[in-house]
$ cat entry-v9.cif   # mmCIF, C-alpha atoms (C1' of nucleotides)
data_input
loop_
_atom_site.label_atom_id
_atom_site.label_comp_id
_atom_site.auth_asym_id
_atom_site.auth_seq_id
_atom_site.Cartn_x
_atom_site.Cartn_y
_atom_site.Cartn_z
CA MET Y 1 10.16 -18.65 5.23
CA GLU Y 2 6.50 -19.58 5.08
CA HIS Y 3 6.01 -17.21 2.20
CA GLN Y 4 8.65 -18.75 0.01
CA LEU Y 5 7.25 -21.10 -2.51
CA THR Y 6 7.87 -24.78 -2.70
CA GLU Y 7 8.87 -26.21 -6.01
CA SER Y 8 5.42 -27.59 -6.72
CA ALA Y 9 3.79 -24.27 -5.94
CA MET Y 10 6.29 -22.73 -8.30
CA ALA Y 11 5.39 -25.19 -11.06
CA GLU Y 12 1.77 -24.10 -10.67
CA MET Y 13 2.59 -20.45 -11.03
CA LEU Y 14 4.59 -21.01 -14.15
CA GLY Y 15 1.31 -21.79 -15.85
CA GLY Y 16 1.93 -23.48 -19.16
CA GLN Y 17 5.64 -22.89 -18.98
CA ARG Y 18 7.97 -25.75 -18.32
CA MET Y 19 9.71 -26.48 -15.09
CA THR Y 20 13.23 -26.84 -16.41
CA LYS Y 21 16.47 -27.62 -14.62
CA GLN Y 22 17.62 -24.06 -15.10
CA ARG Y 23 14.46 -22.55 -13.68
CA ARG Y 24 14.56 -24.83 -10.69
CA LEU Y 25 18.22 -24.05 -10.11
CA VAL Y 26 17.89 -20.29 -10.41
CA PHE Y 27 14.93 -20.36 -8.07
CA ASP Y 28 16.87 -22.42 -5.54
CA VAL Y 29 19.84 -20.09 -5.74
CA VAL Y 30 17.65 -17.04 -5.21
CA LYS Y 31 16.17 -18.72 -2.16
CA GLU Y 32 19.58 -19.76 -0.89
CA LEU Y 33 20.99 -16.28 -1.26
CA ALA Y 34 17.80 -14.53 -0.21
CA PRO Y 35 19.25 -12.66 2.76
CA THR Y 36 21.79 -10.98 0.48
CA HIS Y 37 19.28 -10.02 -2.20
CA PRO Y 38 21.48 -11.20 -5.03
CA THR Y 39 21.88 -9.50 -8.38
CA ALA Y 40 21.66 -11.42 -11.65
CA SER Y 41 25.41 -11.87 -11.81
CA THR Y 42 25.64 -13.08 -8.24
CA VAL Y 43 22.95 -15.61 -9.03
CA TYR Y 44 24.88 -16.54 -12.15
CA GLU Y 45 28.15 -17.08 -10.30
CA ARG Y 46 26.52 -19.33 -7.77
CA ALA Y 47 24.44 -21.19 -10.35
CA LYS Y 48 27.49 -21.87 -12.49
CA LEU Y 49 29.06 -23.80 -9.62
CA LEU Y 50 26.11 -26.14 -9.63
CA MET Y 51 25.51 -26.24 -13.36
CA PRO Y 52 28.62 -25.12 -15.24
CA SER Y 53 26.84 -24.99 -18.58
CA ILE Y 54 24.31 -22.37 -17.54
CA SER Y 55 24.67 -19.02 -19.26
CA LEU Y 56 24.22 -15.50 -17.99
CA ALA Y 57 21.51 -14.91 -20.58
CA THR Y 58 19.60 -17.84 -19.18
CA VAL Y 59 19.88 -16.47 -15.70
CA TYR Y 60 18.46 -13.20 -16.94
CA ASN Y 61 15.73 -15.00 -18.86
CA VAL Y 62 14.77 -17.15 -15.93
CA LEU Y 63 14.78 -14.27 -13.48
CA GLU Y 64 12.44 -12.44 -15.81
CA THR Y 65 10.20 -15.46 -16.22
CA LEU Y 66 10.03 -16.01 -12.48
CA THR Y 67 9.34 -12.35 -11.86
CA GLU Y 68 6.55 -12.27 -14.41
CA ALA Y 69 5.04 -15.40 -12.96
CA GLY Y 70 5.02 -13.73 -9.54
CA ILE Y 71 7.39 -16.29 -8.10
CA ILE Y 72 10.08 -13.84 -7.11
CA THR Y 73 10.30 -10.07 -6.83
CA GLN Y 74 12.64 -7.74 -8.62
CA VAL Y 75 14.06 -5.07 -6.35
CA ASN Y 76 15.53 -1.84 -7.61
CA ILE Y 77 17.26 0.94 -5.81
CA ASP Y 78 18.43 4.01 -7.65
CA ARG Y 79 20.10 2.77 -10.80
CA GLU Y 80 21.98 -0.09 -9.26
CA ALA Y 81 21.74 -3.57 -10.70
CA SER Y 82 18.42 -5.24 -9.96
CA ARG Y 83 18.29 -7.62 -7.08
CA PHE Y 84 15.97 -10.56 -6.64
CA CYS Y 85 13.99 -11.67 -3.68
CA PRO Y 86 11.84 -14.73 -2.97
CA ASN Y 87 9.85 -12.93 -0.29
CA LEU Y 88 6.31 -12.50 -1.57
CA HIS Y 89 5.00 -10.64 1.44
CA PRO Y 90 4.25 -7.02 0.78
CA HIS Y 91 7.49 -5.53 1.97
CA ALA Y 92 9.92 -2.68 1.50
CA HIS Y 93 13.70 -2.73 1.39
CA PHE Y 94 16.30 -1.04 3.48
CA PHE Y 95 19.75 -0.42 2.00
CA CYS Y 96 22.56 0.30 4.38
CA ASP Y 97 24.91 2.90 2.98
CA GLN Y 98 27.68 1.74 5.25
CA CYS Y 99 27.81 -2.04 4.85
CA ASP Y 100 25.84 -2.26 1.60
CA SER Y 101 23.51 -4.85 3.03
CA VAL Y 102 19.88 -4.98 2.09
CA PHE Y 103 17.07 -6.27 4.20
CA ASP Y 104 13.34 -6.71 3.97
CA VAL Y 105 11.06 -4.45 5.97
CA ASP Y 106 7.61 -5.86 6.53
CA LEU Y 107 4.40 -3.96 6.38
CA ARG Y 108 2.91 -3.57 9.84
CA GLU Y 109 -0.19 -5.58 10.66
CA ARG Y 110 -3.23 -4.09 8.98
CA ALA Y 111 -1.17 -1.15 7.72
CA ASP Y 112 -1.62 0.32 4.25
CA ALA Y 113 1.52 1.43 2.50
CA ALA Y 114 -0.39 4.04 0.54
CA GLU Y 115 -1.99 5.57 3.60
CA PRO Y 116 0.47 8.42 4.17
CA TRP Y 117 0.14 9.55 0.57
CA ASN Y 118 -2.34 11.98 -0.78
CA LEU Y 119 -3.26 10.20 -4.00
CA PRO Y 120 -5.59 11.92 -6.44
CA ASN Y 121 -9.04 10.39 -6.47
CA GLY Y 122 -9.48 7.70 -9.02
CA SER Y 123 -5.89 6.49 -9.26
CA LEU Y 124 -5.47 2.76 -9.34
CA ILE Y 125 -2.27 1.49 -7.75
CA GLU Y 126 -1.06 -1.73 -9.28
CA GLN Y 127 2.28 -1.87 -7.64
CA MET Y 128 4.11 0.03 -5.00
CA ASN Y 129 7.79 0.26 -4.51
CA VAL Y 130 9.33 1.43 -1.28
CA ALA Y 131 13.04 1.68 -0.68
CA MET Y 132 14.87 3.26 2.21
CA ARG Y 133 18.51 4.17 2.42
CA GLY Y 134 20.33 4.81 5.63
CA ILE Y 135 22.36 3.12 8.32
CA CYS Y 136 21.36 -0.29 9.58
CA PRO Y 137 21.18 -1.04 13.31
CA GLU Y 138 24.41 -3.07 13.22
CA CYS Y 139 26.41 -0.29 11.60
CA ARG Y 140 24.99 2.32 13.93
CA GLU Y 141 26.01 0.23 16.89
CA LYS Y 142 29.51 -0.11 15.52
CA SER Y 143 29.94 3.60 14.84
CA ASP Y 144 28.51 4.44 18.25
CA ALA Y 145 31.15 2.23 19.83
CA THR Y 146 33.85 4.07 17.92
CA ASN Y 147 32.68 7.52 18.95
CA MET R 1 5.51 26.23 -7.08
CA GLU R 2 6.34 27.68 -3.71
CA HIS R 3 8.81 24.93 -3.04
CA GLN R 4 10.82 25.43 -6.16
CA LEU R 5 13.93 27.42 -5.58
CA THR R 6 14.67 30.82 -6.96
CA GLU R 7 17.96 31.33 -8.65
CA SER R 8 19.49 33.08 -5.69
CA ALA R 9 18.40 30.34 -3.32
CA MET R 10 19.98 27.93 -5.77
CA ALA R 11 23.24 29.85 -5.74
CA GLU R 12 23.29 29.52 -1.95
CA MET R 13 22.82 25.79 -2.06
CA LEU R 14 25.62 25.32 -4.51
CA GLY R 15 27.97 26.28 -1.71
CA GLY R 16 31.36 27.08 -3.07
CA GLN R 17 30.44 25.90 -6.52
CA ARG R 18 29.90 28.45 -9.26
CA MET R 19 26.62 29.51 -10.71
CA THR R 20 27.40 29.00 -14.38
CA LYS R 21 25.28 29.56 -17.46
CA GLN R 22 24.92 25.83 -17.92
CA ARG R 23 23.79 25.24 -14.36
CA ARG R 24 21.29 28.05 -14.54
CA LEU R 25 19.98 26.78 -17.85
CA VAL R 26 19.64 23.16 -16.82
CA PHE R 27 17.90 24.24 -13.65
CA ASP R 28 15.49 26.42 -15.61
CA VAL R 29 14.75 23.62 -18.05
CA VAL R 30 14.06 21.18 -15.25
CA LYS R 31 11.66 23.70 -13.75
CA GLU R 32 10.03 24.38 -17.10
CA LEU R 33 9.52 20.70 -17.81
CA ALA R 34 8.73 19.81 -14.21
CA PRO R 35 5.27 18.37 -14.87
CA THR R 36 6.72 15.85 -17.27
CA HIS R 37 9.58 14.79 -15.00
CA PRO R 38 12.15 14.94 -17.77
CA THR R 39 15.03 12.54 -18.25
CA ALA R 40 18.58 13.72 -18.86
CA SER R 41 18.17 13.48 -22.61
CA THR R 42 14.90 15.38 -22.61
CA VAL R 43 16.59 18.10 -20.61
CA TYR R 44 19.45 18.00 -23.08
CA GLU R 45 17.21 18.35 -26.11
CA ARG R 46 15.45 21.34 -24.65
CA ALA R 47 18.64 22.93 -23.34
CA LYS R 48 20.31 22.59 -26.73
CA LEU R 49 17.64 24.81 -28.27
CA LEU R 50 18.56 27.57 -25.87
CA MET R 51 22.31 26.95 -25.79
CA PRO R 52 23.39 24.96 -28.84
CA SER R 53 26.90 24.41 -27.53
CA ILE R 54 25.85 22.54 -24.41
CA SER R 55 26.84 18.90 -24.30
CA LEU R 56 25.03 15.87 -22.99
CA ALA R 57 27.89 15.19 -20.60
CA THR R 58 27.43 18.63 -19.13
CA VAL R 59 23.74 18.04 -18.68
CA TYR R 60 24.57 14.85 -16.81
CA ASN R 61 27.21 16.63 -14.76
CA VAL R 62 24.94 19.50 -13.89
CA LEU R 63 22.04 17.24 -13.00
CA GLU R 64 24.36 15.38 -10.66
CA THR R 65 25.69 18.59 -9.15
CA LEU R 66 22.18 19.95 -8.60
CA THR R 67 21.04 16.67 -7.12
CA GLU R 68 23.97 16.52 -4.73
CA ALA R 69 23.39 20.11 -3.70
CA GLY R 70 19.78 19.21 -2.88
CA ILE R 71 18.45 21.60 -5.50
CA ILE R 72 16.57 19.00 -7.50
CA THR R 73 15.60 15.39 -6.91
CA GLN R 74 16.52 12.37 -8.96
CA VAL R 75 13.59 10.03 -9.50
CA ASN R 76 13.98 6.40 -10.43
CA ILE R 77 11.44 3.80 -11.31
CA ASP R 78 12.47 0.27 -12.05
CA ARG R 79 15.46 0.51 -14.36
CA GLU R 80 14.15 3.25 -16.55
CA ALA R 81 16.21 6.36 -17.23
CA SER R 82 16.36 8.68 -14.24
CA ARG R 83 14.03 11.61 -14.22
CA PHE R 84 14.54 14.93 -12.48
CA CYS R 85 12.20 16.96 -10.39
CA PRO R 86 12.47 20.43 -8.84
CA ASN R 87 9.88 19.61 -6.19
CA LEU R 88 11.62 19.55 -2.84
CA HIS R 89 8.59 18.63 -0.81
CA PRO R 90 8.71 15.12 0.58
CA HIS R 91 6.74 13.38 -2.10
CA ALA R 92 6.28 10.12 -3.93
CA HIS R 93 5.77 9.46 -7.62
CA PHE R 94 2.99 7.82 -9.52
CA PHE R 95 3.75 6.30 -12.94
CA CYS R 96 0.82 5.63 -15.21
CA ASP R 97 1.31 2.42 -17.16
CA GLN R 98 -1.16 3.55 -19.78
CA CYS R 99 -0.11 7.08 -20.73
CA ASP R 100 3.41 6.96 -19.27
CA SER R 101 2.88 10.15 -17.35
CA VAL R 102 4.43 10.71 -13.97
CA PHE R 103 3.08 12.89 -11.24
CA ASP R 104 4.02 13.90 -7.74
CA VAL R 105 2.08 12.55 -4.81
CA ASP R 106 2.36 14.62 -1.67
CA LEU R 107 2.70 13.33 1.80
CA ARG R 108 -0.47 13.92 3.77
CA GLU R 109 -0.40 16.56 6.48
CA ARG R 110 1.47 15.30 9.53
CA ALA R 111 1.85 11.87 7.96
CA ASP R 112 5.03 9.83 8.24
CA ALA R 113 6.00 7.84 5.18
CA ALA R 114 7.77 5.26 7.31
CA GLU R 115 4.81 4.70 9.60
CA PRO R 116 3.34 1.64 7.85
CA TRP R 117 6.69 -0.11 7.91
CA ASN R 118 8.01 -2.30 10.65
CA LEU R 119 11.58 -1.08 10.76
CA PRO R 120 14.04 -2.83 13.04
CA ASN R 121 14.92 -0.74 16.07
CA GLY R 122 17.93 1.42 15.62
CA SER R 123 17.79 1.89 11.85
CA LEU R 124 18.43 5.38 10.65
CA ILE R 125 16.57 6.36 7.50
CA GLU R 126 18.42 8.93 5.48
CA GLN R 127 16.28 8.81 2.43
CA MET R 128 13.06 7.18 1.39
CA ASN R 129 11.95 6.41 -2.07
CA VAL R 130 8.35 5.68 -2.89
CA ALA R 131 7.10 4.91 -6.36
CA MET R 132 3.70 3.68 -7.42
CA ARG R 133 2.72 2.21 -10.75
CA GLY R 134 -0.82 1.94 -11.97
CA ILE R 135 -3.47 3.77 -13.92
CA CYS R 136 -3.90 7.48 -13.47
CA PRO R 137 -7.37 9.02 -12.97
CA GLU R 138 -7.48 10.39 -16.53
CA CYS R 139 -6.72 7.04 -18.13
CA ARG R 140 -9.21 5.25 -15.91
CA GLU R 141 -11.88 7.70 -16.93
CA LYS R 142 -11.09 7.13 -20.59
CA SER R 143 -11.17 3.36 -20.35
CA ASP R 144 -14.40 3.50 -18.33
CA ALA R 145 -15.97 5.49 -21.15
CA THR R 146 -14.89 2.88 -23.66
CA ASN R 147 -16.32 -0.04 -21.70
"C1'" DA M 1 44.64 44.54 -17.31
"C1'" DT M 2 47.54 40.07 -16.76
"C1'" DT M 3 48.42 35.85 -15.09
"C1'" DG M 4 48.03 31.52 -12.74
"C1'" DA M 5 45.29 28.04 -10.40
"C1'" DG M 6 41.45 25.69 -10.09
"C1'" DA M 7 36.79 24.85 -11.68
"C1'" DT M 8 33.95 23.72 -15.38
"C1'" DC M 9 32.81 22.22 -19.95
"C1'" DA M 10 32.82 19.55 -24.41
"C1'" DA M 11 33.46 15.55 -27.20
"C1'" DG M 12 33.94 11.23 -27.61
"C1'" DA M 13 35.44 6.76 -25.65
"C1'" DA M 14 34.39 3.43 -22.18
"C1'" DT M 15 31.55 0.97 -18.98
"C1'" DT M 16 27.77 -1.66 -17.08
"C1'" DA M 17 23.62 -3.89 -16.81
"C1'" DT M 18 20.58 -5.66 -19.66
"C1'" DT M 19 18.27 -7.21 -23.95
"C1'" DC M 20 18.34 -9.12 -28.45
"C1'" DT M 21 19.43 -12.54 -32.13
"C1'" DA M 22 20.08 -16.73 -34.17
"C1'" DA M 23 21.21 -21.23 -33.95
"C1'" DA M 24 21.45 -25.51 -31.11
"C1'" DA M 25 19.33 -28.42 -27.66
"C1'" DA M 26 15.57 -30.23 -25.01
"C1'" DA M 27 10.82 -31.48 -24.06
"C1'" DG M 28 6.18 -33.14 -25.01
"C1'" DG M 29 2.82 -34.95 -27.76
"C1'" DA M 30 1.14 -37.49 -32.07
"C1'" DT O 1 10.38 -42.00 -33.33
"C1'" DC O 2 9.41 -37.54 -35.43
"C1'" DC O 3 7.61 -33.05 -35.37
"C1'" DT O 4 6.65 -28.77 -33.17
"C1'" DT O 5 7.34 -25.63 -29.69
"C1'" DT O 6 9.88 -24.05 -25.92
"C1'" DT O 7 14.03 -23.16 -23.88
"C1'" DT O 8 18.89 -22.46 -23.72
"C1'" DT O 9 23.24 -20.69 -25.20
"C1'" DA O 10 26.81 -17.49 -26.84
"C1'" DG O 11 27.81 -13.55 -28.43
"C1'" DA O 12 26.40 -9.16 -30.48
"C1'" DA O 13 23.80 -5.06 -29.61
"C1'" DT O 14 21.74 -1.44 -26.86
"C1'" DA O 15 20.87 2.31 -23.62
"C1'" DA O 16 21.93 5.06 -19.98
"C1'" DT O 17 25.47 6.74 -17.71
"C1'" DT O 18 30.28 7.67 -16.41
"C1'" DC O 19 34.96 8.56 -17.50
"C1'" DT O 20 38.91 10.86 -19.75
"C1'" DT O 21 41.30 14.44 -21.67
"C1'" DG O 22 42.12 18.68 -23.38
"C1'" DA O 23 40.04 23.25 -23.91
"C1'" DT O 24 37.80 27.12 -21.77
"C1'" DC O 25 36.32 29.93 -18.27
"C1'" DT O 26 36.46 32.39 -13.61
"C1'" DC O 27 38.23 34.45 -9.92
"C1'" DA O 28 41.55 36.42 -7.25
"C1'" DA O 29 46.07 38.10 -6.59
"C1'" DT O 30 49.35 40.64 -8.69
#

$ encode --input "entry-v9.cif" --output "structure tokens"
Amino acid sequence: MEHQLTESAMAEMLGGQRMTKQRRLVFDVVKELAPTHPTASTVYERAKLLMPSISLATVYNVLETLTEAGIITQVNIDREASRFCPNLHPHAHFFCDQCDSVFDVDLRERADAAEPWNLPNGSLIEQMNVAMRGICPECREKSDATN
Amino acid sequence: MEHQLTESAMAEMLGGQRMTKQRRLVFDVVKELAPTHPTASTVYERAKLLMPSISLATVYNVLETLTEAGIITQVNIDREASRFCPNLHPHAHFFCDQCDSVFDVDLRERADAAEPWNLPNGSLIEQMNVAMRGICPECREKSDATN
DNA sequence: ATTGAGATCAAGAATTATTCTAAAAAAGGA
DNA sequence: TCCTTTTTTAGAATAATTCTTGATCTCAAT
């Protein structure tokens, strides 16, 4: 968890923007639900329990604000709903086709995600997005047991 | 172009499914527009010129059929419209933020795209999706000249 | 050739995630 | 407090895609 921000660090990163109740709440919910990589509506459902007046539009707004401020990461796979992630490490995501779980995959020590790719000279990578689909260890174990 | 399919190879891959005029046409259009990585509606616009009766729904259907048959690849970046690509090499995509072009990035010889990633033991990768955003060599050159 | 079954296509409606709009509420500073 | 700016809210709008339904086409058996 060391790479999840504290609230004060978050306030910093917001720059001039205000640290509002809604922003704090959405951030907390994203952290709370981090292992599930929640979508905007999942965040909304959970946030509503804690602040019934919050609106879906606000959740979307805040998620965008936090993403732009570099406080959370937006994760996309195929054309599914975006998911959000408080992990600021450079990392990839693994999506299990069987149990629909998502988990973070860290970059190896000193590894370079671009290394295997034959980029044309002079390209400048600003962002890299790596997603894997497949079967997670838990599901493989289960299906092995069945066979 | 060696790794783009001929029509007969395509017919094979369709399995039981029929090689129809629409499927042939959509496939040809995707090949023709390959360097631009067209979206469904771009494919539709071009296809309509050659077969005015074709419908957008058919273009979507065919693109899905071809993708499922492994004849073309569906390429997603963030939540933008899907693009389609007849390149069947293992490859990544680079999206230029400045000129909005997309190009293929090949895997280096003998390289393994998963190598930099610290996958938990026992995961089975079925598909890997790598997208990079940044500035392409052409745009960098241009902006260098301006500065 | 004819016919029947199943595959495919066309057109438009429906869906889903997301963004936009406009007005109300909240926050900070003078 | 009052004014200005930011933020929030609710609902409308949008964009890409999928779904539905009836029409059309294909193939294979007659």

$ interface_residues --input "entry-v9.cif" --of "chain Y" --to "chain M" --cutoff "10 Å" --atoms "all atoms listed in the file" --output "ChimeraX atom specification"
/Y:18,20,40-41,57,60-61,79-82

$ resolve_selection --input "entry-v9.cif" --expression "the PyMOL selection byres ((chain Y) within 10 of (chain R))" --output "ChimeraX atom specification"
/Y:74-82,91-97,103-141

$ closest_atom_pairs --input "entry-v9.cif" --of "chain Y" --to "chain O" --cutoff "9 Å" --atoms "all atoms listed in the file" --output "Markdown table"
| residue | atom | partner | partner_atom | distance |
| --- | --- | --- | --- | --- |
| Y:Gln17 | CA | O:DT6 | C1' | 8.2 |
| Y:Arg18 | CA | O:DT6 | C1' | 8.0 |
| Y:Thr20 | CA | O:DT7 | C1' | 8.4 |
| Y:Gln22 | CA | O:DT8 | C1' | 8.9 |
| Y:Ser53 | CA | O:DT9 | C1' | 8.7 |
| Y:Ile54 | CA | O:DT9 | C1' | 7.9 |
| Y:Ser55 | CA | O:DT9 | C1' | 6.3 |
| Y:Leu56 | CA | O:DT9 | C1' | 8.9 |
| Y:Ala57 | CA | O:DT9 | C1' | 7.6 |
| Y:Thr58 | CA | O:DT8 | C1' | 6.5 |

$ atom_distance --input "entry-v9.cif" --atom1 "atom CA of Ala69 of chain R" --atom2 "atom CA of Gln98 of chain Y"
20.9 Å

$ atom_distance --input "entry-v9.cif" --atom1 "atom CA of Ile71 of chain Y" --atom2 "atom CA of Cys99 of chain R"
27.6 Å

$ atom_distance --input "entry-v9.cif" --atom1 "atom CA of Val59 of chain Y" --atom2 "atom CA of His89 of chain Y"
23.4 Å

$ resolve_selection --input "entry-v9.cif" --expression "the PyMOL selection byres ((chain Y and resi 30) around 12)" --output "number ranges by chain"
Y: 4-5, 23-29, 31-47, 59, 62-63, 66-67, 71-74, 83-87
